[in-house]
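**Q** Here you go, structure-v1.cif (mmCIF, C-alpha atoms):
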```cif
data_start
loop_
_atom_site.label_atom_id
_atom_site.label_comp_id
_atom_site.auth_asym_id
_atom_site.auth_seq_id
_atom_site.Cartn_x
_atom_site.Cartn_y
_atom_site.Cartn_z
CA MET A 772 97.98 65.06 95.01
CA GLU A 773 96.91 68.45 96.34
CA GLN A 774 94.56 69.82 98.94
CA VAL A 775 91.66 71.98 97.76
CA ILE A 776 89.00 74.01 99.59
CA LYS A 777 85.41 73.33 98.56
CA ILE A 778 82.53 75.69 99.32
CA GLU A 779 78.85 75.07 98.72
CA GLY A 780 77.32 78.48 98.11
CA GLY A 781 73.97 79.89 99.14
CA HIS A 782 74.14 79.34 102.92
CA LEU A 783 73.68 82.63 104.79
CA LEU A 784 76.24 83.40 107.49
CA ASN A 785 75.16 84.26 111.04
CA GLY A 786 76.89 84.89 114.35
CA GLU A 787 80.16 86.40 115.54
CA VAL A 788 83.74 86.03 114.32
CA ARG A 789 86.81 87.14 116.29
CA ILE A 790 89.66 88.62 114.24
CA SER A 791 93.21 87.33 114.82
CA GLY A 792 96.39 89.38 115.30
CA SER A 793 97.76 91.26 112.30
CA LYS A 794 99.70 89.15 109.77
CA ASN A 795 101.55 92.18 108.40
CA ALA A 796 102.57 93.28 111.92
CA THR A 797 103.52 89.76 113.03
CA VAL A 798 105.93 89.13 110.15
CA ALA A 799 107.84 92.29 111.16
CA LEU A 800 107.54 91.93 114.97
CA ILE A 801 109.12 88.45 114.97
CA PRO A 802 112.36 89.59 113.23
CA ALA A 803 112.34 92.78 115.38
CA ALA A 804 112.39 90.61 118.52
CA ILE A 805 115.95 89.42 117.78
CA LEU A 806 117.22 92.96 118.46
CA ALA A 807 116.63 92.32 122.19
CA THR A 808 119.18 90.80 124.57
CA GLY A 809 116.50 88.89 126.52
CA PRO A 810 113.22 87.04 125.84
CA ILE A 811 110.32 88.79 124.10
CA THR A 812 106.80 87.54 124.78
CA ILE A 813 104.31 88.18 121.97
CA VAL A 814 100.57 87.57 122.35
CA GLY A 815 97.96 87.54 119.58
CA VAL A 816 100.16 85.71 117.06
CA PRO A 817 97.99 84.40 114.19
CA ASN A 818 98.24 80.70 113.36
CA ILE A 819 99.46 81.11 109.76
CA SER A 820 102.17 79.39 107.72
CA ASP A 821 104.25 82.61 107.50
CA VAL A 822 104.87 82.35 111.27
CA GLU A 823 106.19 78.79 110.80
CA SER A 824 108.56 79.98 108.05
CA LEU A 825 109.87 82.77 110.31
CA SER A 826 110.35 80.28 113.18
CA VAL A 827 112.51 78.13 110.89
CA LEU A 828 114.74 81.16 110.23
CA LEU A 829 114.93 81.99 113.96
CA ASN A 830 116.05 78.41 114.66
CA GLU A 831 118.80 78.80 112.02
CA LEU A 832 120.06 81.79 114.04
CA ASN A 833 120.01 79.68 117.24
CA VAL A 834 117.10 81.69 118.65
CA ASP A 835 114.67 79.73 120.86
CA VAL A 836 111.00 79.94 119.89
CA ILE A 837 108.65 78.67 122.59
CA HIS A 838 104.95 78.26 121.72
CA LYS A 839 103.18 78.76 125.06
CA SER A 840 99.67 78.47 123.63
CA GLN A 841 98.01 78.87 120.25
CA ASP A 842 98.59 82.61 119.94
CA HIS A 843 101.34 83.17 122.51
CA ILE A 844 105.04 82.82 121.69
CA ILE A 845 108.28 83.62 123.46
CA ILE A 846 111.31 84.50 121.34
CA ASP A 847 114.58 84.16 123.24
CA PRO A 848 117.68 85.50 121.42
CA THR A 849 120.04 84.96 124.40
CA ASN A 850 122.18 82.36 122.56
CA MET A 851 121.75 83.86 119.10
CA VAL A 852 124.45 83.49 116.42
CA ASN A 853 124.61 85.61 113.25
CA LYS A 854 124.68 83.07 110.40
CA PRO A 855 123.93 83.46 106.66
CA LEU A 856 120.21 82.91 105.99
CA GLU A 857 120.09 80.66 102.97
CA ASN A 858 117.24 78.33 103.96
CA ARG A 859 114.32 77.75 101.54
CA ALA A 860 112.07 79.53 104.06
CA VAL A 861 113.69 82.83 102.92
CA THR A 862 112.50 82.39 99.35
CA LYS A 863 109.02 81.26 100.47
CA LEU A 864 108.39 84.41 102.44
CA ARG A 865 108.79 88.00 101.34
CA ALA A 866 108.82 89.35 104.90
CA SER A 867 112.03 87.44 105.60
CA TYR A 868 113.70 90.67 104.36
CA TYR A 869 113.05 92.15 107.84
CA PHE A 870 115.95 90.03 109.06
CA MET A 871 118.16 92.31 106.94
CA GLY A 872 117.38 95.38 109.04
CA ALA A 873 117.35 93.47 112.34
CA LEU A 874 120.67 91.63 111.80
CA LEU A 875 122.36 94.69 110.34
CA GLY A 876 121.17 96.72 113.33
CA LYS A 877 122.35 94.15 115.86
CA TYR A 878 125.59 92.84 114.33
CA GLY A 879 126.52 95.34 111.61
CA GLU A 880 126.47 92.48 109.11
CA VAL A 881 123.94 90.23 107.36
CA LYS A 882 124.12 87.64 104.61
CA MET A 883 120.89 86.31 103.12
CA LYS A 884 119.19 85.08 99.97
CA MET A 885 116.79 87.22 97.93
CA PRO A 886 113.35 87.09 99.66
CA GLY A 887 110.27 85.62 97.87
CA GLY A 888 106.47 85.79 98.50
CA CYS A 889 103.27 86.36 96.48
CA TYR A 890 103.91 87.70 92.98
CA LEU A 891 102.03 91.01 92.63
CA GLY A 892 104.23 92.55 89.98
CA PRO A 893 107.59 94.21 90.70
CA ARG A 894 108.26 94.74 94.43
CA PRO A 895 111.84 96.00 94.52
CA ILE A 896 113.81 96.25 97.75
CA ASP A 897 116.11 99.00 96.46
CA LEU A 898 114.60 101.51 98.95
CA HIS A 899 115.57 99.23 101.85
CA LEU A 900 119.12 98.95 100.49
CA LYS A 901 119.42 102.72 99.90
CA GLY A 902 118.40 103.23 103.51
CA PHE A 903 121.07 100.79 104.75
CA GLU A 904 123.70 102.55 102.59
CA ALA A 905 122.70 105.93 104.03
CA LEU A 906 123.40 104.51 107.51
CA GLY A 907 126.89 103.53 106.35
CA ALA A 908 126.52 99.95 105.09
CA THR A 909 128.05 98.51 101.91
CA ILE A 910 126.06 96.02 99.84
CA ASP A 911 127.28 93.17 97.66
CA TYR A 912 124.98 90.89 95.69
CA VAL A 913 126.74 87.62 94.91
CA GLU A 914 125.20 84.42 93.53
CA GLY A 915 121.65 85.25 94.60
CA SER A 916 122.60 86.42 98.11
CA TYR A 917 122.95 89.87 99.66
CA HIS A 918 125.97 90.61 101.83
CA ILE A 919 125.38 93.82 103.77
CA LYS A 920 127.93 95.09 106.30
CA ALA A 921 129.03 98.21 108.14
CA GLU A 922 132.06 99.01 110.31
CA LYS A 923 129.61 101.11 112.26
CA LEU A 924 126.13 102.46 111.56
CA VAL A 925 125.67 106.22 111.85
CA GLY A 926 122.33 108.03 111.92
CA ALA A 927 121.33 109.84 108.73
CA LYS A 928 118.45 111.69 107.08
CA ILE A 929 116.72 109.31 104.67
CA PHE A 930 114.01 110.33 102.21
CA LEU A 931 111.94 107.44 100.79
CA ASP A 932 111.01 107.99 97.12
CA VAL A 933 107.95 105.79 97.75
CA SER A 934 106.38 105.53 101.20
CA SER A 935 107.08 101.79 101.48
CA VAL A 936 105.97 99.91 104.61
CA GLY A 937 108.76 97.35 104.28
CA ALA A 938 111.50 99.95 103.81
CA THR A 939 110.19 102.10 106.68
CA ILE A 940 110.24 99.17 109.13
CA ASN A 941 113.56 97.76 107.88
CA ILE A 942 115.36 101.11 108.18
CA MET A 943 113.80 101.65 111.62
CA MET A 944 115.25 98.31 112.81
CA ALA A 945 118.69 98.98 111.30
CA ALA A 946 118.78 102.42 112.94
CA VAL A 947 117.91 101.52 116.57
CA HIS A 948 121.59 100.98 117.48
CA ALA A 949 123.08 103.50 115.00
CA GLU A 950 125.17 106.31 116.42
CA GLY A 951 123.14 109.53 116.71
CA ARG A 952 119.83 110.37 115.08
CA THR A 953 118.14 108.87 112.02
CA ILE A 954 115.23 110.69 110.37
CA ILE A 955 113.01 108.82 107.86
CA GLU A 956 111.06 111.25 105.68
CA ASN A 957 108.05 110.25 103.54
CA ALA A 958 107.75 107.26 105.88
CA ALA A 959 104.74 104.96 105.45
CA LYS A 960 101.94 105.49 108.03
CA GLU A 961 100.37 102.01 108.28
CA PRO A 962 99.18 100.84 111.73
CA GLU A 963 101.61 97.89 111.52
CA ILE A 964 104.53 100.38 111.59
CA ILE A 965 103.18 101.89 114.82
CA ASP A 966 102.96 98.37 116.26
CA VAL A 967 106.62 97.62 115.44
CA ALA A 968 107.72 101.01 116.84
CA THR A 969 105.72 100.28 120.03
CA LEU A 970 107.56 96.97 120.47
CA LEU A 971 110.97 98.60 119.86
CA ASN A 972 110.19 101.36 122.37
CA LYS A 973 109.10 98.80 124.99
CA MET A 974 112.52 97.17 124.45
CA GLY A 975 114.17 100.52 125.15
CA ALA A 976 114.55 102.07 121.68
CA GLN A 977 113.85 105.77 121.05
CA VAL A 978 111.47 105.86 118.07
CA ARG A 979 109.14 108.84 117.65
CA GLY A 980 106.64 109.83 114.98
CA ALA A 981 105.52 106.34 113.86
CA GLY A 982 102.16 106.72 112.10
CA THR A 983 103.20 110.09 110.65
CA ASN A 984 105.35 110.69 107.57
CA VAL A 985 108.46 111.64 109.59
CA ILE A 986 109.96 109.08 111.98
CA THR A 987 112.90 109.96 114.24
CA ILE A 988 115.12 107.29 115.78
CA ASP A 989 117.80 108.09 118.36
CA GLY A 990 120.29 105.24 118.63
CA VAL A 991 120.60 103.36 121.95
CA GLU A 992 123.25 100.95 123.28
CA LYS A 993 121.03 98.07 124.42
CA LEU A 994 117.53 96.64 124.00
CA ASP A 995 115.85 94.41 126.60
CA GLY A 996 113.14 91.75 126.59
CA CYS A 997 109.48 92.78 127.02
CA PHE A 998 105.82 91.76 126.60
CA HIS A 999 103.77 92.81 123.55
CA GLU A 1000 100.27 92.20 122.23
CA ILE A 1001 99.80 92.45 118.45
CA ILE A 1002 97.13 94.73 116.97
CA PRO A 1003 94.17 93.01 115.23
CA ASP A 1004 94.53 92.26 111.52
CA ARG A 1005 92.77 95.05 109.61
CA ILE A 1006 92.90 93.10 106.33
CA GLU A 1007 91.36 89.96 107.85
CA ALA A 1008 88.76 92.21 109.51
CA GLY A 1009 88.03 93.91 106.18
CA THR A 1010 87.77 90.53 104.43
CA PHE A 1011 85.18 89.27 106.94
CA ILE A 1012 83.23 92.55 106.79
CA ILE A 1013 83.07 92.19 102.98
CA MET A 1014 82.03 88.52 103.41
CA ALA A 1015 79.26 89.63 105.75
CA ALA A 1016 78.04 92.23 103.26
CA ALA A 1017 78.03 89.55 100.54
CA ALA A 1018 76.68 86.50 102.33
CA ALA A 1019 75.41 87.15 105.87
CA GLU A 1020 72.01 87.60 107.43
CA LYS A 1021 73.49 89.22 110.55
CA MET A 1022 77.15 88.97 111.50
CA LYS A 1023 79.36 90.61 114.11
CA ILE A 1024 83.09 91.06 113.42
CA SER A 1025 84.87 91.59 116.77
CA ASN A 1026 88.39 92.36 118.04
CA ILE A 1027 88.97 95.08 115.46
CA ILE A 1028 90.10 98.72 115.44
CA PRO A 1029 87.37 100.35 113.29
CA GLN A 1030 89.50 103.46 112.66
CA HIS A 1031 91.95 101.24 110.71
CA LEU A 1032 89.05 100.37 108.36
CA ASP A 1033 87.60 103.84 107.74
CA SER A 1034 88.22 103.80 103.98
CA LEU A 1035 86.48 100.41 103.57
CA LEU A 1036 83.57 101.18 105.90
CA SER A 1037 82.79 104.46 104.14
CA LYS A 1038 82.76 102.67 100.74
CA LEU A 1039 80.43 99.96 102.06
CA GLN A 1040 78.09 102.64 103.44
CA GLU A 1041 78.15 104.32 100.03
CA MET A 1042 77.11 100.95 98.53
CA GLY A 1043 74.16 100.80 100.93
CA VAL A 1044 75.46 98.11 103.33
CA LYS A 1045 73.82 98.26 106.78
CA LEU A 1046 76.66 98.67 109.30
CA ASP A 1047 76.65 99.22 113.04
CA VAL A 1048 80.15 100.36 114.11
CA ASP A 1049 81.07 99.95 117.80
CA VAL A 1050 84.28 100.56 119.78
CA ASP A 1051 85.95 97.28 118.77
CA SER A 1052 83.43 95.58 116.48
CA VAL A 1053 81.24 96.02 113.41
CA THR A 1054 77.86 94.34 112.89
CA VAL A 1055 76.64 93.87 109.32
CA GLU A 1056 73.02 93.13 108.37
CA ARG A 1057 71.73 91.79 105.08
CA THR A 1058 70.89 94.50 102.54
CA GLU A 1059 69.38 94.00 99.10
CA ASN A 1060 70.10 96.19 96.04
CA LEU A 1061 73.64 97.34 96.71
CA LYS A 1062 74.95 100.17 94.53
CA ALA A 1063 78.14 100.14 92.43
CA VAL A 1064 81.09 102.23 93.69
CA ASP A 1065 84.43 103.46 92.36
CA ILE A 1066 87.62 102.75 94.26
CA LYS A 1067 91.22 103.88 94.04
CA THR A 1068 93.80 102.01 96.11
CA LEU A 1069 96.21 104.27 98.02
CA PRO A 1070 98.72 103.94 100.86
CA TYR A 1071 97.17 104.03 104.34
CA PRO A 1072 94.84 105.69 105.36
CA GLY A 1073 93.54 105.34 101.76
CA PHE A 1074 91.76 102.24 100.45
CA ALA A 1075 94.00 99.20 101.05
CA THR A 1076 95.29 97.37 97.96
CA ASP A 1077 94.91 94.13 99.98
CA LEU A 1078 91.14 94.66 100.11
CA GLN A 1079 90.42 95.45 96.47
CA GLN A 1080 90.56 91.76 95.48
CA PRO A 1081 88.07 90.55 98.14
CA LEU A 1082 85.84 93.55 97.40
CA THR A 1083 85.68 92.70 93.68
CA ALA A 1084 83.73 89.52 94.54
CA LEU A 1085 81.10 91.66 96.30
CA LEU A 1086 81.02 94.19 93.44
CA THR A 1087 79.74 91.43 91.11
CA GLN A 1088 76.49 91.63 93.13
CA THR A 1089 76.02 95.43 92.99
CA THR A 1090 73.85 97.29 90.50
CA GLY A 1091 75.86 99.28 87.96
CA ASP A 1092 79.51 99.55 86.90
CA SER A 1093 82.23 99.64 89.58
CA THR A 1094 85.73 100.79 88.68
CA ILE A 1095 88.83 99.87 90.67
CA LYS A 1096 92.02 101.85 90.00
CA GLU A 1097 95.04 100.01 91.43
CA THR A 1098 97.85 102.52 92.10
CA ILE A 1099 100.08 100.30 94.27
CA TYR A 1100 100.39 96.99 92.37
CA PRO A 1101 99.03 97.76 88.86
CA GLU A 1102 99.22 94.05 87.92
CA ARG A 1103 97.08 92.89 90.83
CA PHE A 1104 94.10 91.61 88.81
CA LYS A 1105 94.69 87.85 88.47
CA HIS A 1106 91.56 87.25 90.59
CA CYS A 1107 89.42 88.78 87.81
CA THR A 1108 90.18 85.89 85.43
CA GLU A 1109 89.17 83.40 88.14
CA LEU A 1110 85.96 85.31 88.94
CA GLN A 1111 85.12 85.40 85.21
CA ARG A 1112 85.18 81.57 85.25
CA MET A 1113 82.40 81.76 87.84
CA GLY A 1114 80.29 84.08 85.68
CA ALA A 1115 81.50 87.54 86.68
CA ASN A 1116 81.42 90.27 84.03
CA ILE A 1117 84.71 92.13 84.57
CA GLU A 1118 86.87 94.06 82.12
CA VAL A 1119 90.54 94.51 83.00
CA GLY A 1120 92.71 97.32 81.63
CA GLN A 1121 96.10 98.72 82.63
CA GLY A 1122 95.95 99.06 86.43
CA LEU A 1123 92.17 99.09 86.21
CA SER A 1124 89.13 96.82 86.43
CA VAL A 1125 85.48 97.52 85.67
CA THR A 1126 82.91 95.14 87.21
CA HIS A 1127 79.46 95.15 85.56
CA GLY A 1128 76.78 94.02 88.00
CA PRO A 1129 74.79 92.35 89.18
CA THR A 1130 75.67 88.92 87.79
CA LYS A 1131 74.89 85.46 89.10
CA LEU A 1132 77.96 83.42 90.07
CA TYR A 1133 78.24 79.65 89.60
CA GLY A 1134 80.59 77.26 91.39
CA ASP A 1135 83.62 76.21 89.33
CA SER A 1136 87.21 75.04 89.70
CA VAL A 1137 89.39 78.12 90.36
CA THR A 1138 92.94 78.89 91.53
CA ALA A 1139 94.12 81.19 94.33
CA THR A 1140 97.03 82.84 92.49
CA ASP A 1141 97.95 84.86 95.62
CA LEU A 1142 96.74 85.40 99.19
CA ARG A 1143 94.05 88.04 98.63
CA CYS A 1144 92.92 86.44 95.36
CA GLY A 1145 92.20 83.39 97.54
CA ALA A 1146 90.05 85.54 99.84
CA SER A 1147 88.19 86.92 96.83
CA LEU A 1148 87.40 83.38 95.61
CA VAL A 1149 86.18 82.29 99.06
CA ILE A 1150 83.71 85.21 99.07
CA ALA A 1151 82.62 84.35 95.51
CA GLY A 1152 82.18 80.70 96.57
CA LEU A 1153 79.90 81.71 99.45
CA ILE A 1154 77.49 83.50 97.09
CA ALA A 1155 77.80 81.22 94.03
CA GLU A 1156 75.28 78.57 93.06
CA GLY A 1157 76.72 75.06 93.49
CA VAL A 1158 80.18 74.04 94.68
CA THR A 1159 83.37 76.07 94.16
CA GLU A 1160 86.71 74.22 94.26
CA ILE A 1161 89.72 76.40 95.11
CA HIS A 1162 93.25 75.22 94.21
CA ASP A 1163 96.65 76.45 95.55
CA VAL A 1164 95.15 76.98 99.01
CA ASN A 1165 98.66 77.30 100.50
CA HIS A 1166 98.39 81.00 99.54
CA ILE A 1167 95.27 81.35 101.72
CA ASP A 1168 96.93 79.57 104.67
CA ARG A 1169 99.85 82.02 104.51
CA GLY A 1170 97.70 84.88 105.73
CA TYR A 1171 94.35 83.77 107.20
CA ASP A 1172 94.25 82.07 110.60
CA ASP A 1173 91.76 79.14 110.60
CA LEU A 1174 89.62 80.55 107.80
CA ASP A 1175 87.68 77.26 107.39
CA GLY A 1176 86.95 76.98 111.12
CA LYS A 1177 85.78 80.57 111.42
CA LEU A 1178 83.49 80.23 108.39
CA LYS A 1179 82.05 76.90 109.61
CA SER A 1180 81.17 78.48 112.96
CA LEU A 1181 79.23 81.15 111.03
CA GLY A 1182 77.23 78.53 109.13
CA ALA A 1183 79.18 78.21 105.85
CA THR A 1184 79.45 74.82 104.15
CA ILE A 1185 83.21 74.59 103.57
CA TRP A 1186 85.58 71.62 103.67
CA ARG A 1187 88.96 70.40 102.37
CA GLU A 1188 89.61 67.47 100.09
CA THR A 1189 92.71 65.89 98.61
CA VAL A 1190 92.44 65.59 94.82
CA GLU A 1191 94.65 64.13 92.09
#
```
Spell out the structure here as C-alpha cells.

**A**
Amino acid sequence: MEQVIKIEGGHLLNGEVRISGSKNATVALIPAAILATGPITIVGVPNISDVESLSVLLNELNVDVIHKSQDHIIIDPTNMVNKPLENRAVTKLRASYYFMGALLGKYGEVKMKMPGGCYLGPRPIDLHLKGFEALGATIDYVEGSYHIKAEKLVGAKIFLDVSSVGATINIMMAAVHAEGRTIIENAAKEPEIIDVATLLNKMGAQVRGAGTNVITIDGVEKLDGCFHEIIPDRIEAGTFIIMAAAAAEKMKISNIIPQHLDSLLSKLQEMGVKLDVDVDSVTVERTENLKAVDIKTLPYPGFATDLQQPLTALLTQTTGDSTIKETIYPERFKHCTELQRMGANIEVGQGLSVTHGPTKLYGDSVTATDLRCGASLVIAGLIAEGVTEIHDVNHIDRGYDDLDGKLKSLGATIWRETVE
C-alpha cells in the first residue's frame, strides 16, 4: 500500500499563498542550535518531514525539542550528551551531516553514519572533511561510520575547491570555538548561509563576511541561547511563482524576499510572464504565448539548480526550444522521463535538456524520483488534461510544507489516496 497525490488539471489558480520558512536554512539551523549552552527559540520552522528526522537525532543526543506551535520550536541543549549518531534518520536525511560540524565544534569529537538524502548524482562530502582536517581534526571511516576527533581545534585558512553550501556551513560551525581565526575562501554565498551566520552571531559567535566569498570566524569560548526567525524559502517561493505562471489567473505569492529570486524573475520576464514585484511579494497574472528561454544553473546568485526541474514543466508550454544547462548536478534530469510520459517533448543530453514547446500534457501515473522532480510533476499535473497520479510523494513531503493545503486554497483539485 502507498499514498499517492492525485491532481485534476485544468483548474485555474487564484488568490494568495504564504511561503513557509526556508527548508535549506532550517536543516542547518537546527543542528547549529546545539552549539549553544541554553535554549534556542526558532520561529518560521516549516512543517516538513526533514524537521522530524532532525528532531529524532536531537532526542538521541538528549536535547529537548519543544514544539510551541506549528512553526515555533525551542531547542534546549542544556542536558545534551555527545553520542554516536547511528539512527536510520541519519541515512534518510542528507543534512544530518551538519551534526558533524556542530558536534566537532562543541565537543572536539563526533561519530556518525554516512548521511543520505535525494540522489542527484555524486554529492561528496570530502570538502567538509578537508575543512575539519585543516582545523586539526583526524578522520577515520570504519564500517560505514565517520569518527572525527581533535585534541583541540585551531583556526586555519581554508580554500574550498568548489563553493559548496554544505561545506561552508559545516566548517563555520566547527570553527566557532576553534582557537584563533578561521578564514573560508571561495565560500558559498547562498542566503541560507547568511541565516546560519546570523543565528551563530546572536548566540555570541564572531562570524563576518557571510554572503560574500570570504568568511572570517574568530573563535569564542561560549555560545548562549537566543531567538531567531528563519528567512522565507526561496525555492518554495520560486516553485509557486512558476506554478502561477503555468496555471493561475491571478495569484499573489507573499512572505518572500524578491532579491533572492532575481535570476528566476528575470527569466520569467524574458518569457513574457506578467509580474508585479513588491517589497515582500510577487503577483503573477495569466499571460498567453510565453516564449522559450535558455537557462544555465549556477551557484547563487545564479539560476538555482533546485528550480530548473519545476521550470521545465512550464517550458513545455512555451513557444520554441528551451535549453537547460545543468552545471551543478549534471545528472539532475530524471523529471524529464516522467514529463515525457505526460506528453512533453524533451531531449536529454549530458548535463543538458532541450524542451520543444508548446505541447499538450495529459494526466498519467508518474513518480517523484526526488524532491524537486515532485514539484515539477505537480506543476505538470495542474496544466495537464485529466488526472495525474504521483507516486513516491514522501520526497515532496520532505521539502514542501502543506503543499496540498496551499494548492487547495488557491482552487486546485488535489487529493491523496492510498493505492495497492

**Q** Mind pulling up the distance from atom CA of A:Leu856 to atom CA of A:Tyr912?

**A** 13.9 Å

**Q** Would you mind reading off the distance between atom CA of A:Glu992 and atom CA of A:Ala796, one decimal, in Å?

**A**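 A separation of 24.8 Å between them.
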
**Q** Go through the shown structure with the PyMOL selection byres ((chain A and resi 1054-1069) around 8) and write out the matching residues as a PyMOL selection string.

**A** chain A and resi 1012+1015-1016+1018-1024+1038+1041-1048+1052-1053+1070-1076+1079+1086+1088-1099+1128

**Q** Which residues of stretch 1072-1136 of chain A have any atom within 10 Å of an atom in stretch 776-792 of chain A when counting only C-alpha atoms, and what is the closest pair of atoms for each, with the distance in Å to one decimal? Order the rows by chain and rising number and write it as a tab-separated table.

**A**
```
residue	atom	partner	partner_atom	distance
A:Leu1132	CA	A:Gly780	CA	9.5
A:Tyr1133	CA	A:Gly780	CA	8.6
A:Gly1134	CA	A:Gly780	CA	7.6
A:Asp1135	CA	A:Lys777	CA	9.8
A:Ser1136	CA	A:Lys777	CA	9.2
```

**Q** Neighbours of A:Glu1188 within 12 Å (only C-alpha atoms; same-chain residues fewer than 3 positions away dropped), as a compact mmCIF listing (two decimals) with C-alpha atoms, keeping the file's coordinate frame?

**A**
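File around28.txt, as written:
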```
# COMPACT_ATOMS: atom_id res chain seq x y z
CA MET A 772 97.98 65.06 95.01
CA GLU A 773 96.91 68.45 96.34
CA GLN A 774 94.56 69.82 98.94
CA VAL A 775 91.66 71.98 97.76
CA ILE A 776 89.00 74.01 99.59
CA LYS A 777 85.41 73.33 98.56
CA ILE A 778 82.53 75.69 99.32
CA GLU A 1160 86.71 74.22 94.26
CA ILE A 1161 89.72 76.40 95.11
CA HIS A 1162 93.25 75.22 94.21
CA VAL A 1164 95.15 76.98 99.01
CA ILE A 1185 83.21 74.59 103.57
CA GLU A 1191 94.65 64.13 92.09
```

**Q** Check what the PyMOL selection byres ((chain A and resi 825-835) around 7) selects in the file above and give those residues as a PyMOL selection string.

**A** chain A and resi 821-824+836-837+846-848+850-854+860+867

**Q** Figure out the distance between atom CA of A:Gly1152 and atom CA of A:Gly1182, please, to one decimal in Å.

**A**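 Separating atom CA of A:Gly1182 from atom CA of A:Gly1152 is a distance of 13.7 Å.
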
**Q** Go through the shown structure with the PyMOL selection byres ((chain A and resi 1010) around 9) and write out the matching residues as a ChimeraX atom specification.

**A** /A:1005-1009,1011-1015,1078,1081-1082,1143,1146-1147,1150

**Q** Which residues are near A:Leu874? Cut-off 10 Å, all atoms listed in the file, ignore same chain within fewer than 5 positions. Put them as a list of chain:residue names.

**A**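 Contacts, with the query itself left out: A:Pro802, A:Ala803, A:Ile805, A:Leu806, A:Asn853, A:Lys854, A:Tyr869, A:Gly879, A:Glu880, A:Val881, A:Lys882, A:Ile919, A:Lys920, A:Met944, A:Ala945.
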
**Q** Do a neighbour search on A:Ala981 at 8 Å with only C-alpha atoms, toss out local chain neighbours closer than 2 positions, and write the hits as a list in words.

**A**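 The residues that qualify are Lys960, Ile964, Ile965, Ala968, Val978, Arg979, Thr983, Asn984, Val985 and Ile986 of chain A.
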
**Q** Where's the centre, and what are the edge lengths in Å to one decimal, of a box along x, y and z enclosing all listed atoms of stretch 1155-1165 of chain A padded 4 Å per side, as lines of an AutoDock Vina configuration file?

**A**
```
center_x = 87.0
center_y = 77.6
center_z = 96.8
size_x = 31.4
size_y = 15.2
size_z = 15.4
```

**Q** Looking at A:Asp966, A:Glu956, A:Asp1033, A:Asp932, which one is nearest to A:Ile1001, with distances taken over only C-alpha atoms?

**A**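 The closest residue to A:Ile1001 is A:Asp966.
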
**Q** Please provide as a list of chain:residue names all residues within 8 Å of stretch 807-810 of chain A, with the sequence filter that same-chain residues fewer than 6 positions apart are discarded (counting all atoms listed in the file).

**A**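 After dropping sequence-adjacent residues, the list is A:Ile845, A:Ile846, A:Asp847, A:Pro848, A:Thr849, A:Met974, A:Lys993, A:Leu994, A:Asp995, A:Gly996, A:Cys997.
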
**Q** Counting only C-alpha atoms, what is within 10 Å of A:Lys1131, bar same-chain residues fewer than 4 positions away, as a PyMOL selection string?

**A** chain A and resi 1087-1088+1113-1116+1154-1156

**Q** Of the residues A:Leu1039, A:Ala927, A:Ala958, A:Ile1167, which is the one nearest to A:Ala1139, using only C-alpha atoms?

**A**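 Comparing A:Leu1039, A:Ala927, A:Ala958, A:Ile1167 against A:Ala1139, the winner is A:Ile1167.
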